[in-house]
>>> print(open('protein08.txt').read())   # compact mmCIF, C-alpha atoms
# COMPACT_ATOMS: atom_id res chain seq x y z
CA MET A 1235 0.00 0.00 0.00
CA ILE A 1236 1.10 3.56 -0.71
CA LEU A 1237 0.44 6.18 1.97
CA GLN A 1238 0.91 9.90 1.31
CA GLN A 1239 0.20 12.72 3.72
CA ILE A 1240 -1.70 15.47 1.93
CA LEU A 1241 -2.31 17.84 4.84
CA GLU A 1242 -2.05 17.52 8.60
CA GLY A 1243 -4.48 14.71 9.44
CA ILE A 1244 -5.33 13.82 5.82
CA TYR A 1245 -3.69 10.81 4.17
CA LEU A 1246 -4.07 9.45 0.65
CA LEU A 1247 -4.01 5.65 0.54
CA LYS A 1248 -3.58 3.64 -2.68
CA SER A 1249 -3.20 0.00 -3.53
CA GLU A 1250 0.01 -1.04 -5.27
CA LEU A 1251 -1.83 -3.85 -7.05
CA PRO A 1252 -2.72 -3.09 -10.68
CA PRO A 1253 -6.43 -2.31 -10.96
CA PRO A 1254 -8.76 -4.71 -12.77
CA PRO A 1255 -8.87 -4.26 -16.57
CA GLY A 1256 -10.66 -1.05 -17.52
CA TRP A 1257 -10.47 0.37 -13.98
CA GLN A 1258 -8.33 3.11 -12.48
CA THR A 1259 -6.51 2.92 -9.16
CA THR A 1260 -8.88 4.15 -6.46
CA ASN A 1261 -7.92 6.89 -4.01
CA LEU A 1262 -8.83 6.15 -0.38
CA TYR A 1263 -8.48 8.80 2.31
CA LEU A 1264 -7.80 8.55 6.04
CA LEU A 1265 -8.82 11.54 8.15
CA GLY A 1266 -7.75 12.29 11.72
CA SER A 1267 -5.07 11.16 14.15
CA LYS A 1268 -6.68 8.99 16.87
CA LYS A 1269 -10.33 8.57 15.83
CA LEU A 1270 -9.93 7.99 12.14
CA ILE A 1271 -12.42 8.16 9.29
CA LEU A 1272 -11.85 6.20 6.07
CA ILE A 1273 -13.38 7.44 2.82
CA ASP A 1274 -14.12 4.46 0.54
CA THR A 1275 -12.49 1.02 0.67
CA GLY A 1276 -11.19 0.49 -2.89
CA TYR A 1277 -11.11 -2.51 -5.18
CA GLN A 1278 -10.13 -5.90 -3.74
CA ASP A 1279 -6.72 -5.92 -2.08
CA PRO A 1280 -6.11 -8.52 0.66
CA ARG A 1281 -3.27 -6.43 2.11
CA LEU A 1282 -5.43 -3.43 2.97
CA VAL A 1283 -6.79 -4.74 6.28
CA LYS A 1284 -3.31 -5.68 7.50
CA PHE A 1285 -1.99 -2.27 6.48
CA LEU A 1286 -4.79 -0.49 8.34
CA LYS A 1287 -4.24 -2.61 11.46
CA ASN A 1288 -0.55 -1.79 11.49
CA PHE A 1289 -1.20 1.90 10.90
CA LEU A 1290 -3.75 2.06 13.71
CA ASN A 1291 -1.52 0.15 16.15
CA LYS A 1292 1.48 2.32 15.32
CA ASN A 1293 -0.53 5.48 16.02
CA SER A 1294 -2.56 4.11 18.97
CA ALA A 1295 -5.66 4.96 16.92
CA GLN A 1296 -9.06 3.51 16.05
CA LEU A 1297 -10.98 3.39 12.79
CA LYS A 1298 -14.28 4.90 13.89
CA LYS A 1299 -16.15 5.38 10.62
CA ILE A 1300 -16.18 4.51 6.94
CA LEU A 1301 -17.92 6.89 4.56
CA LEU A 1302 -18.80 5.41 1.16
CA THR A 1303 -19.06 7.93 -1.66
CA HIS A 1304 -21.15 5.42 -3.66
CA GLY A 1305 -21.76 1.73 -4.20
CA HIS A 1306 -19.50 0.78 -7.11
CA LEU A 1307 -17.09 -2.12 -6.65
CA ASP A 1308 -13.92 -0.08 -7.02
CA HIS A 1309 -14.98 1.90 -3.93
CA THR A 1310 -16.49 -0.87 -1.77
CA SER A 1311 -14.72 -4.18 -2.42
CA ASN A 1312 -12.77 -4.34 0.87
CA LEU A 1313 -15.72 -3.23 2.99
CA LYS A 1314 -16.70 -6.60 4.43
CA GLU A 1315 -13.17 -7.49 5.58
CA ILE A 1316 -12.53 -4.07 7.14
CA LYS A 1317 -15.89 -4.14 8.91
CA GLN A 1318 -15.25 -7.59 10.35
CA GLU A 1319 -11.71 -6.85 11.55
CA LEU A 1320 -11.90 -3.23 12.72
CA GLU A 1321 -15.64 -2.73 13.45
CA PRO A 1322 -16.09 0.84 12.22
CA GLU A 1323 -19.50 2.42 11.71
CA VAL A 1324 -20.25 2.42 7.98
CA ILE A 1325 -22.29 5.23 6.42
CA ALA A 1326 -23.78 5.45 2.92
CA HIS A 1327 -26.62 7.25 1.17
CA ILE A 1328 -29.96 5.44 1.05
CA LYS A 1329 -30.01 5.70 -2.76
CA ALA A 1330 -26.80 3.66 -2.85
CA LYS A 1331 -28.64 0.74 -1.28
CA PRO A 1332 -29.73 -1.01 -4.52
CA PRO A 1333 -26.20 -1.28 -6.00
CA LEU A 1334 -24.80 -2.24 -2.59
CA GLU A 1335 -27.45 -4.96 -2.28
CA ARG A 1336 -26.64 -6.28 -5.75
CA ARG A 1337 -22.97 -6.49 -4.79
CA GLY A 1338 -23.56 -8.05 -1.37
CA ARG A 1339 -22.38 -5.00 0.61
CA ALA A 1340 -25.62 -3.60 2.06
CA GLU A 1341 -25.49 -5.71 5.22
CA GLN A 1342 -22.27 -3.92 6.23
CA ILE A 1343 -23.98 -0.49 6.32
CA ASP A 1344 -24.84 0.80 9.80
CA GLN A 1345 -26.37 4.14 8.86
CA TRP A 1346 -28.26 5.08 5.71
CA ILE A 1347 -28.26 8.82 5.02
CA GLU A 1348 -31.60 10.05 3.67
CA GLU A 1349 -31.02 13.77 4.17
CA GLU A 1350 -27.78 15.70 4.11
CA LYS A 1351 -26.08 15.99 7.46
CA SER A 1352 -22.83 16.92 9.18
CA LEU A 1353 -20.43 14.71 11.08
CA GLU A 1354 -17.87 15.77 13.63
CA SER A 1355 -14.27 14.77 13.03
CA GLU A 1356 -10.90 15.58 14.52
CA LEU A 1357 -10.38 17.98 11.61
CA GLY A 1358 -13.70 19.75 12.07
CA LYS A 1359 -17.17 19.36 10.69
CA ILE A 1360 -17.64 17.18 7.61
CA GLN A 1361 -20.68 18.04 5.52
CA ILE A 1362 -22.19 15.09 3.67
CA LEU A 1363 -23.51 16.44 0.35
CA HIS A 1364 -25.77 14.43 -1.94
CA THR A 1365 -24.14 14.82 -5.37
CA PRO A 1366 -25.86 12.42 -7.79
CA GLY A 1367 -25.05 12.11 -11.47
CA HIS A 1368 -22.39 9.41 -11.66
CA SER A 1369 -24.74 7.31 -9.52
CA PRO A 1370 -28.00 8.10 -7.66
CA GLY A 1371 -26.58 7.62 -4.16
CA HIS A 1372 -23.31 9.44 -4.68
CA ILE A 1373 -22.11 11.73 -1.89
CA SER A 1374 -19.25 14.23 -1.65
CA LEU A 1375 -17.66 15.18 1.66
CA TYR A 1376 -16.82 18.79 2.44
CA LEU A 1377 -14.31 19.68 5.13
CA GLU A 1378 -15.15 23.35 5.39
CA SER A 1379 -12.43 24.25 7.89
CA LEU A 1380 -9.75 23.38 5.32
CA GLY A 1381 -11.65 24.08 2.11
CA VAL A 1382 -11.22 20.45 1.07
CA LEU A 1383 -13.80 18.47 -0.90
CA PHE A 1384 -13.67 14.69 -1.35
CA THR A 1385 -15.53 14.03 -4.59
CA GLY A 1386 -15.46 10.26 -5.16
CA ASP A 1387 -16.35 9.79 -8.82
CA LEU A 1388 -18.24 13.06 -9.24
CA VAL A 1389 -14.92 14.71 -10.11
CA VAL A 1390 -11.79 12.76 -10.99
CA GLY A 1391 -8.25 14.07 -11.28
CA GLU A 1392 -7.81 13.33 -14.98
CA GLY A 1393 -10.45 13.16 -17.71
CA THR A 1394 -14.14 12.99 -16.91
CA SER A 1395 -16.38 10.66 -14.93
CA LEU A 1396 -18.57 8.08 -16.58
CA VAL A 1397 -22.19 9.26 -16.61
CA GLY A 1398 -24.04 6.42 -18.26
CA PRO A 1399 -27.13 4.25 -17.88
CA PRO A 1400 -28.62 2.80 -15.84
CA GLU A 1401 -27.22 4.74 -12.87
CA GLY A 1402 -25.87 7.89 -14.54
CA ASP A 1403 -27.92 11.05 -15.05
CA MET A 1404 -26.31 13.94 -16.94
CA LYS A 1405 -28.79 16.56 -15.70
CA GLN A 1406 -28.09 15.62 -12.08
CA TYR A 1407 -24.38 15.42 -12.78
CA LEU A 1408 -24.22 18.99 -14.09
CA GLU A 1409 -26.39 20.23 -11.23
CA SER A 1410 -23.98 18.60 -8.76
CA LEU A 1411 -20.98 20.23 -10.43
CA GLU A 1412 -22.66 23.64 -10.31
CA ARG A 1413 -23.47 23.11 -6.67
CA ILE A 1414 -19.97 22.24 -5.51
CA LYS A 1415 -18.59 25.15 -7.55
CA LYS A 1416 -20.31 27.44 -5.04
CA LEU A 1417 -18.35 26.02 -2.09
CA GLU A 1418 -15.22 27.71 -0.75
CA LEU A 1419 -12.62 25.31 -2.11
CA LYS A 1420 -8.85 25.17 -1.88
CA MET A 1421 -8.43 21.56 -2.96
CA ILE A 1422 -10.41 18.68 -4.42
CA LEU A 1423 -9.40 15.16 -3.42
CA PRO A 1424 -10.93 12.89 -6.09
CA GLY A 1425 -11.72 9.19 -6.09
CA HIS A 1426 -9.24 8.61 -8.93
CA GLY A 1427 -6.27 10.48 -10.34
CA PRO A 1428 -4.14 13.34 -9.03
CA ILE A 1429 -5.12 15.91 -6.43
CA ILE A 1430 -6.82 18.99 -7.88
CA THR A 1431 -5.21 22.19 -6.60
CA GLU A 1432 -7.09 24.58 -8.90
CA PRO A 1433 -10.63 23.42 -8.18
CA TYR A 1434 -12.61 26.23 -9.84
CA GLN A 1435 -10.73 26.04 -13.14
CA HIS A 1436 -11.07 22.25 -13.11
CA LEU A 1437 -14.82 22.44 -12.50
CA LYS A 1438 -15.21 25.13 -15.16
CA ASN A 1439 -13.44 22.88 -17.68
CA LEU A 1440 -15.63 19.89 -16.79
CA ILE A 1441 -18.86 21.85 -17.18
CA GLU A 1442 -17.76 23.43 -20.46
CA HIS A 1443 -16.71 20.01 -21.79
CA ARG A 1444 -20.15 18.53 -21.11
CA HIS A 1445 -21.97 21.49 -22.64
CA LEU A 1446 -19.76 21.31 -25.73
CA ARG A 1447 -20.65 17.65 -26.17
CA GLU A 1448 -24.35 18.51 -25.98
CA VAL A 1449 -23.95 21.12 -28.73
CA GLN A 1450 -22.03 18.66 -30.92
CA ILE A 1451 -24.67 15.97 -30.50
CA LEU A 1452 -27.47 18.40 -31.36
CA LYS A 1453 -25.65 19.47 -34.52
CA LEU A 1454 -25.23 15.85 -35.58
CA LEU A 1455 -28.90 15.12 -35.01
CA GLN A 1456 -29.89 18.21 -36.97
CA GLN A 1457 -27.86 16.98 -39.93
CA ALA A 1458 -29.47 13.54 -39.88
CA PRO A 1459 -31.53 12.05 -37.04
CA GLN A 1460 -29.79 9.01 -35.58
CA ALA A 1461 -30.27 6.55 -32.76
CA PRO A 1462 -27.98 7.00 -29.72
CA SER A 1463 -25.79 3.94 -30.45
CA PRO A 1464 -24.53 5.06 -33.89
CA VAL A 1465 -23.76 8.52 -32.54
CA ALA A 1466 -21.76 7.04 -29.65
CA ARG A 1467 -19.87 4.66 -31.93
CA SER A 1468 -18.90 7.40 -34.36
CA HIS A 1469 -17.89 9.81 -31.56
CA PRO A 1470 -16.41 7.67 -28.72
CA SER A 1471 -15.14 10.76 -26.87
CA PHE A 1472 -18.73 11.61 -25.88
>>> encode(input="protein08.txt", output="structure tokens")
Amino acid sequence: MILQQILEGIYLLKSELPPPPGWQTTNLYLLGSKKLILIDTGYQDPRLVKFLKNFLNKNSAQLKKILLTHGHLDHTSNLKEIKQELEPEVIAHIKAKPPLERRGRAEQIDQWIEEEKSLESELGKIQILHTPGHSPGHISLYLESLGVLFTGDLVVGEGTSLVGPPEGDMKQYLESLERIKKLELKMILPGHGPIITEPYQHLKNLIEHRHLREVQILKLLQQAPQAPSPVARSHPSF
């Protein structure tokens, strides 16, 4: 496992195993010093639990909570093992329940969030924001005291997030981007890719990219009406 300190009390944790084909390495985050919070649990890596145990023992700390940004496998695959070994409270949005049930992870959830709320942490208040688009139950986590936003797959460090059926919704995705753009941000810590140190420019680029794609699709359909599949095949960058 690779551990990198981002700020005082914020650690980036990555698996050294190559991700499954077609996946990107998932960014996990540890927050705090003694009563730690873990954001997401990554794709399957049998060494993660041992690493966490050693880290906690070395720092005389406990893993108190796990916050799941959403229910996809590359963010939840180690959940069962961590829950069994370290007994943290696990929190997810209620709209993430169907994908978590399909993947056999729902029984590990202790608290289903139905409305947005705040949690206390050693670094200050964490606001749990419902930010659907990539998936219906997606949440982002805002640490206002530091101007840090953990975005899961709403915003990634390179490229753009997949917003596709059956879980993706482009209208909700753009609304979520516009919403987080109004926060006071110094840094975005995404679920994949590098840390984003110019959050507003990054968000501006993402929104403009999606709007440009909409204009291009409309122009194509005006030239000759087509079904979605041929358009996607002829323009894979959409």
>>> closest_residue(input="protein08.txt", among="A:Thr1385, A:Asn1439, A:Gln1296, A:Ser1352", to="Tyr1263 of chain A", atoms="only C-alpha atoms")
A:Thr1385
>>> residues_around(input="protein08.txt", residues="segment 1394-1396 of chain A", least_positions_apart="6", cutoff="9 Å", atoms="only C-alpha atoms", output="PDB file with C-alpha atoms, in the frame of the given file")
ATOM      1  CA  HIS A1368     -22.390   9.410 -11.660  1.00  0.00           C
ATOM      2  CA  ASP A1387     -16.350   9.790  -8.820  1.00  0.00           C
ATOM      3  CA  LEU A1388     -18.240  13.060  -9.240  1.00  0.00           C
ATOM      4  CA  GLY A1402     -25.870   7.890 -14.540  1.00  0.00           C
ATOM      5  CA  LEU A1440     -15.630  19.890 -16.790  1.00  0.00           C
ATOM      6  CA  HIS A1443     -16.710  20.010 -21.790  1.00  0.00           C
TER       7      HIS A1443
END
>>> closest_residue(input="protein08.txt", among="A:Ile1300, A:Leu1417, A:Met1404, A:Val1324", to="Gly1381 of chain A", atoms="all atoms listed in the file")
A:Leu1417
>>> residues_around(input="protein08.txt", residues="Tyr1376 of chain A", least_positions_apart="3", cutoff="7 Å", atoms="only C-alpha atoms", output="PyMOL selection string")
chain A and resi 1360-1362+1382-1384
>>> closest_residue(input="protein08.txt", among="A:Asn1261, A:Ser1267, A:Ser1374, A:Asn1312", to="Leu1357 of chain A", atoms="only C-alpha atoms")
A:Ser1267
>>> closest_residue(input="protein08.txt", among="A:Gly1276, A:Gly1386, A:Gly1243, A:Gly1305", to="Trp1257 of chain A", atoms="all atoms listed in the file")
A:Gly1276
>>> closest_residue(input="protein08.txt", among="A:Lys1269, A:His1304, A:Lys1314, A:Lys1438", to="Trp1346 of chain A", atoms="all atoms listed in the file")
A:His1304
>>> closest_residue(input="protein08.txt", among="A:Lys1331, A:Lys1420, A:Arg1339, A:Lys1359", to="Lys1317 of chain A", atoms="only C-alpha atoms")
A:Arg1339
